[in-house]
Structures are given as C-alpha cells and as structure tokens.
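Novice: Can you read through this structure? Questions will come right after.
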Amino acid sequence: MSGPGKDRPPILELRGVGKSFRGTPALSDIHLAVYPGEVVGLVGDNGAGKSTLIKILSGVHRPDSGSLLIDGVAVDSSRYGVAQARSMGIETLFQESTLGEQQPLWRNIFVGRALVNRWGMLRVAEEKRVTMEILRRYVGLQGRAITADTPVQTLSGGERQGVAIGRAMYFDARLVVLDEPTTALSLGEVDRVLTFIEQLSRQGRACILISHNVGHIYRVASRFLILDRGEMVASYDRQDISLGDLHGRLLQIHGGAR
Amino acid sequence: MAFLHRYRLQLGITALLAMLLALFALLSPQTFLGGRIYISFLSTIPFIAILALGLTFLVIAGELDMSFPSLMAMAGLLFAEIYLRTASPWLGFVAALAAGGIGGLLNGLLVVKVGVPSIIATIGTQFFWRGLSALLASGLARNIASIRGTDFHQLMVGRVLGIPAQALWFLALAILLALLLNRHVFGERVLFTGDNLRAARLNGVDTDRVRLWLFTMMGLLSAFVAVLVCLEMGNWWPTQGEGYLLLVFAAIFIGGTSVFGGRGTLYGTCIGAIIIGIIEAGIISAGFSGFWTRLVHGLIIVVSVSIYATIFRTGRS
C-alpha cells in the first residue's frame, strides 16, 4: 500500500460520510482517502451513490454525517460549497453539462469565480485573455474559428470536454473528480481524456475517475473502489487484480444483489 | 463584420424604429418633424421602459412577473395616501418603495422557496394586490394635484432644460442596469441562472438568491414607476398600472430577449419600448382611428418575433 506520495496526508479524506434524501439513504459510512499522484477508479452500478458522493466532494451537497478533511484538516461542512471546494483545489467535471450553452466561452471559464474589481465589475479583458490561453493549450484551435466570444453551443462534445479540462488545469486543481468523462466521446477524444488523467498523476495531482467502462478505469487507475447501494463494498490495488477479475467481481457484486 | 454579426439583433431593431419614424414623418410631417411630439414621448415612454428594464432581467433569468401592474397600484396608493395625510411626498415615496420591495420579495419567495412557477405565483399576487389596493381605497381615486408645486415633483417628473425628468431617471437606470447585466458578476449569475439552472448551481451560483433579488428589484422598480405616474397625472386611481402589462411584455419581446432565458438585451428592450410608445401617436397623427393602434402593435410583435425565430433561430432547441 505504499503508492507514490502516501507519506503525505491525503489531499482529500472522507470519514464515515452519510447522506440521505427525504429519509432514503443514498450513502452510508463512506471512508475514502485520495493521496497526491493517485488515480482512484470508482465503480458501481446505477443508483450505487456515485453521483451523490461526487456532489459531496464538490460541495454541491452537504453530508448528513461524517467528516471531510482536506490536507488532513477537517473542513466545516456547513461552509463547504462549490466555491470553497474549488478554492481548495478540488475541481469536478460533472457528467451533466455545467456549461451555459448560450454564453460565450470566457464567461463559462470563469463563472462562479469571476475576476472582479472591488465593486464586483468583471475584468473582462483579462478573462478573455486567459480563455484564449486555455483554448490554445487544451482545446486546440486547428482550423476552427473559436474565440473567447464563441458561444458554447457551437462546440463539439470533445471541445466541450477540452474546455472543462482546460478550466480544471488552469485553476491548478490538486484533485480532479471526473464523472463519466468519456461518455459520448469519439475514440480519439476518449484517448485524450485518459492521457490527460495520466498526466495529472505524473504531475503529482490526484484524480477520482467514475466510469461505467471498466476498461477505461483499469487503464489509468491505481486503485479501484466498488460502491454498491450507498456502501463501499470493496477496494483493490491495481497490482492485485486483473481486468478480467475486476469485471467478474463487479458482476458478482451487482448481480448477486438481485 | 464580426461586430455586425454580434449586434445583428440590436441593429435590426434599431432599423425597425428608424423605418417607423421615417414612415410617420412621411405621413404626418407637421407632427413628426417638430420637437413637441418627442418631448411628449419623453414624458410617457419612460414608464413602460423602466418597467421593461426590470422585467427583462427576470425573463433572462427564466422567470416572469405578471403582478407588477397591481403592485404599482398598491405602491401608488400608499404614496398618494401618505402624501395626503402627512403632506410629505418623501415619506410616501419611501413607503411605496418598501411596499414594492416587499411585494417583489414575496413573489420571489413563492417561486424560489415554495416552488410555484413564476407565471402562476405572480398571477395570484396580481389579483391579491389589485384587490387589496381597491379594498383599502374603497374603490375611490386619490387626487394629489397639490403635489405639483413641490420640489419632489420637480425632481421626479419636472422639466430639466425642457426635458422631462422621468426620461433622465430612465436613462440613469438604463445605464446602471446595462452595466449590472453585462459587466457585473451579478449579471453573469443572472445569465447562467436563465441559461441552465442546474449548470449554474454546479458552478456555485446561488440561483435562489439571484432570483430573490430580481423579483425584489422588479417590485422596487414597479413602485418607482407608480410614484412617477401618480406625480405625472396628479392622481391615483384603482386601475392604475393595468394598461402596462402587455405593453411591457411587448417591448421586451420586440427587443429580442429570449423567452427561454439566458439571453436578452436591455438596448433591445429600450428600443422596443420606444416602438411601442410611438405607434399610437404615429397612427393618430396620420389621421387613422385609435383602433388601429392595437392592430399595429400586434403586427409588429408577431413580425419581429417571427424574424427572431427564423433568422436568428431563437426557438426552443
């Protein structure tokens, strides 16, 4: 269990976290620690609680019980929202779109963390400059007339994912949470996303990857966690399990539940 | 070229206004080539335009407010009644704004906290405020003609170098609100709230708070306009504000704001309000009967929104 960087405290840790919606438990007693340079693959069937877990990590939902630690320090969950998560280096790429379709790219890059002067007026020129930089570095502008003013609705799925990834990179995320980032992407675009995840880990950043595609997870993750009906039921290090066995275990867990 | 494309909606609506003015000038040069008609426009159009500015924000955020005409009646009654009892227009003004703000906030709470769709919630409060103001006024008008001599009257609707003060109030509000929408972080939150509520939340935008502010702002602006109307007319009457509902919506949609939220222009709304405001005078001074007004309003609305839907593809996708 001595992966890279485990001598340092985990970037993010959950201790006994639980969450229910209108009395129905969605998560119970979740323990999870993610260390620098680590890629954690989170798998589970539909309704296993993956989305709820992600929304707790990203500050969208507040846990009912348990505690959340960042760099080994407990965070006051009543003050932990999206802005706080982002400012502590936790970036989330949600499965559902977080882009305003009709809004220009520069607004989409900075929404929720706008660069403002002391009266709250946007520093538009600077936001547009940074947007162009992100576009050049992460989206690629081959032959496409994309500028900071381009509305998101004209972008392809891969370009959108590039914008989301570029945003996470630019804001210097230490932990990137990706929820089904490869759904509906072309083969080449899938490869770019997986390569990006491998880069993150080499840079000492951490990553939590959620996917239905066990093959994608197996390629990049160093540890696999299996979530079933709101509980963490199994954990494997990559060297201890083959892709085939992981697949088998998943079918066994989810199939056996029926 | 990029500029032309980006502002094609604004340019189109401005061209429509220019065409209408040219047409009216051709049909009745003695009226539309003189200055008096424009001074008259500057005294009446700001009422529609200020209301439309506030409502444009709500429509961009994906919400509606059908209650503002009744909220105007309530705020106007408070203004008139308090002025008559205390002889202080300022006290009446503050009370009117307070009522407008509270009424707007109430709309917001119904929509955001209770979860009633805004069109339904504000139809309900429209009836409520109209009924309450009629009840409190016993259905009678309030004559406040004596307010015409006060400084307050001069400040709000007097003439500044011959220009009606309400036009200057409108101009100041329009500039302030345009900056708020296009260059302030609050405006950005409004745009994302209307564009995609869930996405806005995932980006950390407090969409509930944004909408509460917008409903409150609309209430405050309604009260402000109610006071202006009372001052201009020297009178409060129980159906005050009723005529504005459809005109204000017409101004916004002629102006090119999307009913689906996430997109809108205050410039377009202003031009839309001017178009709505000049048509009646144009028709009557051209020698047609006033009955034509509504018909032409209807034509312009249908044609302009059809152009937006086809050329600019503003439909639901």
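In the structure tokens, chains take letters A, B, ... by order of appearance, with residues numbered from 1 within each chain and ligands from 1 in the order shown.
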Show me which bits of chain B are within 6 Å of chain A, counting only C-alpha atoms, as a list of chain:residue names.
Specialist: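 Residues passing the distance filter: B:Arg183, B:His184, B:Val185, B:Phe192, B:Asp195, B:Asn196, B:Ala199, B:Asn203, B:Gly204, B:Val205.
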Novice: Hey, what does DSSP flag as strand (DSSP E or B) within range 93-300 of chain B? Can you give it to me as a ChimeraX atom specification?
Specialist: /B:142-143,159-160,163-164,184,235-236
Novice: Those same residues, written as a JSON list (two decimals), in the first residue's frame with all heavy atoms?
Specialist:
```
[["chain", "number", "residue", "atom", "x", "y", "z"],
["B", 142, "ARG", "N", -57.57, 58.94, -5.77],
["B", 142, "ARG", "CA", -56.99, 59.94, -4.85],
["B", 142, "ARG", "C", -56.45, 61.10, -5.69],
["B", 142, "ARG", "O", -55.59, 60.90, -6.54],
["B", 142, "ARG", "CB", -55.84, 59.33, -4.05],
["B", 142, "ARG", "CG", -56.24, 58.20, -3.09],
["B", 142, "ARG", "CD", -57.02, 58.74, -1.90],
["B", 142, "ARG", "NE", -57.28, 57.68, -0.92],
["B", 142, "ARG", "CZ", -58.29, 56.83, -1.01],
["B", 142, "ARG", "NH1", -59.13, 56.88, -2.02],
["B", 142, "ARG", "NH2", -58.47, 55.90, -0.07],
["B", 143, "ASN", "N", -56.96, 62.27, -5.44],
["B", 143, "ASN", "CA", -56.49, 63.44, -6.15],
["B", 143, "ASN", "C", -55.31, 64.06, -5.40],
["B", 143, "ASN", "O", -55.46, 64.49, -4.26],
["B", 143, "ASN", "CB", -57.64, 64.46, -6.27],
["B", 143, "ASN", "CG", -57.22, 65.66, -7.09],
["B", 143, "ASN", "OD1", -56.03, 65.93, -7.28],
["B", 143, "ASN", "ND2", -58.20, 66.40, -7.60],
["B", 159, "ARG", "N", -39.27, 69.46, -15.43],
["B", 159, "ARG", "CA", -38.57, 69.63, -16.70],
["B", 159, "ARG", "C", -37.16, 70.13, -16.44],
["B", 159, "ARG", "O", -36.96, 71.11, -15.73],
["B", 159, "ARG", "CB", -39.32, 70.62, -17.61],
["B", 159, "ARG", "CG", -40.72, 70.15, -18.02],
["B", 159, "ARG", "CD", -40.65, 68.99, -19.00],
["B", 159, "ARG", "NE", -41.98, 68.51, -19.41],
["B", 159, "ARG", "CZ", -42.65, 67.54, -18.79],
["B", 159, "ARG", "NH1", -42.15, 66.97, -17.72],
["B", 159, "ARG", "NH2", -43.82, 67.17, -19.24],
["B", 160, "VAL", "N", -36.18, 69.44, -16.99],
["B", 160, "VAL", "CA", -34.79, 69.86, -16.88],
["B", 160, "VAL", "C", -34.35, 70.31, -18.26],
["B", 160, "VAL", "O", -34.20, 69.49, -19.17],
["B", 160, "VAL", "CB", -33.89, 68.71, -16.38],
["B", 160, "VAL", "CG1", -32.44, 69.17, -16.25],
["B", 160, "VAL", "CG2", -34.41, 68.16, -15.07],
["B", 163, "ILE", "N", -36.48, 68.97, -20.80],
["B", 163, "ILE", "CA", -36.60, 67.51, -20.91],
["B", 163, "ILE", "C", -37.28, 66.95, -19.65],
["B", 163, "ILE", "O", -36.89, 67.29, -18.53],
["B", 163, "ILE", "CB", -35.22, 66.86, -21.08],
["B", 163, "ILE", "CG1", -34.63, 67.30, -22.43],
["B", 163, "ILE", "CG2", -35.31, 65.34, -21.01],
["B", 163, "ILE", "CD1", -33.21, 66.88, -22.63],
["B", 164, "PRO", "N", -38.29, 66.10, -19.83],
["B", 164, "PRO", "CA", -38.97, 65.53, -18.67],
["B", 164, "PRO", "C", -37.98, 64.74, -17.80],
["B", 164, "PRO", "O", -37.22, 63.92, -18.31],
["B", 164, "PRO", "CB", -40.01, 64.59, -19.29],
["B", 164, "PRO", "CG", -40.21, 65.10, -20.68],
["B", 164, "PRO", "CD", -38.91, 65.69, -21.10],
["B", 184, "HIS", "N", -21.19, 43.16, -14.66],
["B", 184, "HIS", "CA", -21.07, 42.88, -13.23],
["B", 184, "HIS", "C", -21.25, 41.38, -12.98],
["B", 184, "HIS", "O", -21.90, 40.69, -13.77],
["B", 184, "HIS", "CB", -22.13, 43.67, -12.45],
["B", 184, "HIS", "CG", -21.87, 43.72, -10.98],
["B", 184, "HIS", "ND1", -22.30, 42.74, -10.12],
["B", 184, "HIS", "CD2", -21.20, 44.62, -10.22],
["B", 184, "HIS", "CE1", -21.92, 43.05, -8.89],
["B", 184, "HIS", "NE2", -21.25, 44.18, -8.93],
["B", 235, "ASN", "N", -52.64, 62.20, -9.68],
["B", 235, "ASN", "CA", -53.80, 61.39, -9.36],
["B", 235, "ASN", "C", -53.40, 59.93, -9.12],
["B", 235, "ASN", "O", -52.43, 59.45, -9.71],
["B", 235, "ASN", "CB", -54.76, 61.45, -10.57],
["B", 235, "ASN", "CG", -56.18, 61.07, -10.20],
["B", 235, "ASN", "OD1", -56.47, 60.80, -9.04],
["B", 235, "ASN", "ND2", -57.03, 61.02, -11.20],
["B", 236, "TRP", "N", -54.13, 59.26, -8.23],
["B", 236, "TRP", "CA", -54.04, 57.79, -8.16],
["B", 236, "TRP", "C", -55.42, 57.25, -8.44],
["B", 236, "TRP", "O", -56.42, 57.82, -7.99],
["B", 236, "TRP", "CB", -53.59, 57.32, -6.77],
["B", 236, "TRP", "CG", -53.57, 55.81, -6.66],
["B", 236, "TRP", "CD1", -52.54, 54.99, -6.98],
["B", 236, "TRP", "CD2", -54.64, 54.96, -6.22],
["B", 236, "TRP", "NE1", -52.90, 53.68, -6.79],
["B", 236, "TRP", "CE2", -54.18, 53.62, -6.33],
["B", 236, "TRP", "CE3", -55.95, 55.18, -5.77],
["B", 236, "TRP", "CZ2", -54.96, 52.52, -5.99],
["B", 236, "TRP", "CZ3", -56.74, 54.07, -5.44],
["B", 236, "TRP", "CH2", -56.24, 52.76, -5.54]]
```
Novice: List the neighbours of Leu27 in chain A out to 8 Å using only C-alpha atoms; skip same-chain residues closer than 2 positions along the sequence, and give me the result as a list in words.
Specialist: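 Result of the neighbour search: Val17, Gly18, Lys19, Ser20, Pro25, Asp29, Ile30, Gly49, Thr52, Leu53, Arg229, Gly230 and Glu231 of chain A.
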Novice: Write out as a PyMOL selection string which residues come within 9 Å of Ala99 in chain B when counting only C-alpha atoms, dropping same-chain ones fewer than 6 positions away.
Specialist: chain B and resi 71+74-75+78+219-220+223
Novice: What residues in range 29-272 of chain B get the DSSP label helix (DSSP H, G or I)? Please answer as a ChimeraX atom specification.
Specialist: /B:29-32,36-60,68-86,89-114,118-136,145-149,151-157,165-183,185-195,197-202,207-233,244-254,266-272
Novice: Any idea what's packed within 8 Å of Gly256 in chain B, counting only C-alpha atoms, ignoring anything in its chain fewer than 4 positions away? Could you give it as a CSV table (one decimal) with C-alpha atoms, in the first residue's frame?
Specialist:
```
chain,number,residue,atom,x,y,z
B,9,LEU,CA,-30.3,41.9,-33.3
B,252,ILE,CA,-39.2,43.1,-24.2
B,264,GLY,CA,-31.5,39.3,-23.7
B,265,THR,CA,-30.6,42.8,-24.4
B,268,GLY,CA,-33.4,46.0,-27.5
B,269,THR,CA,-35.9,46.4,-24.6
B,305,VAL,CA,-40.6,37.6,-33.0
B,308,TYR,CA,-36.1,36.3,-34.4
```
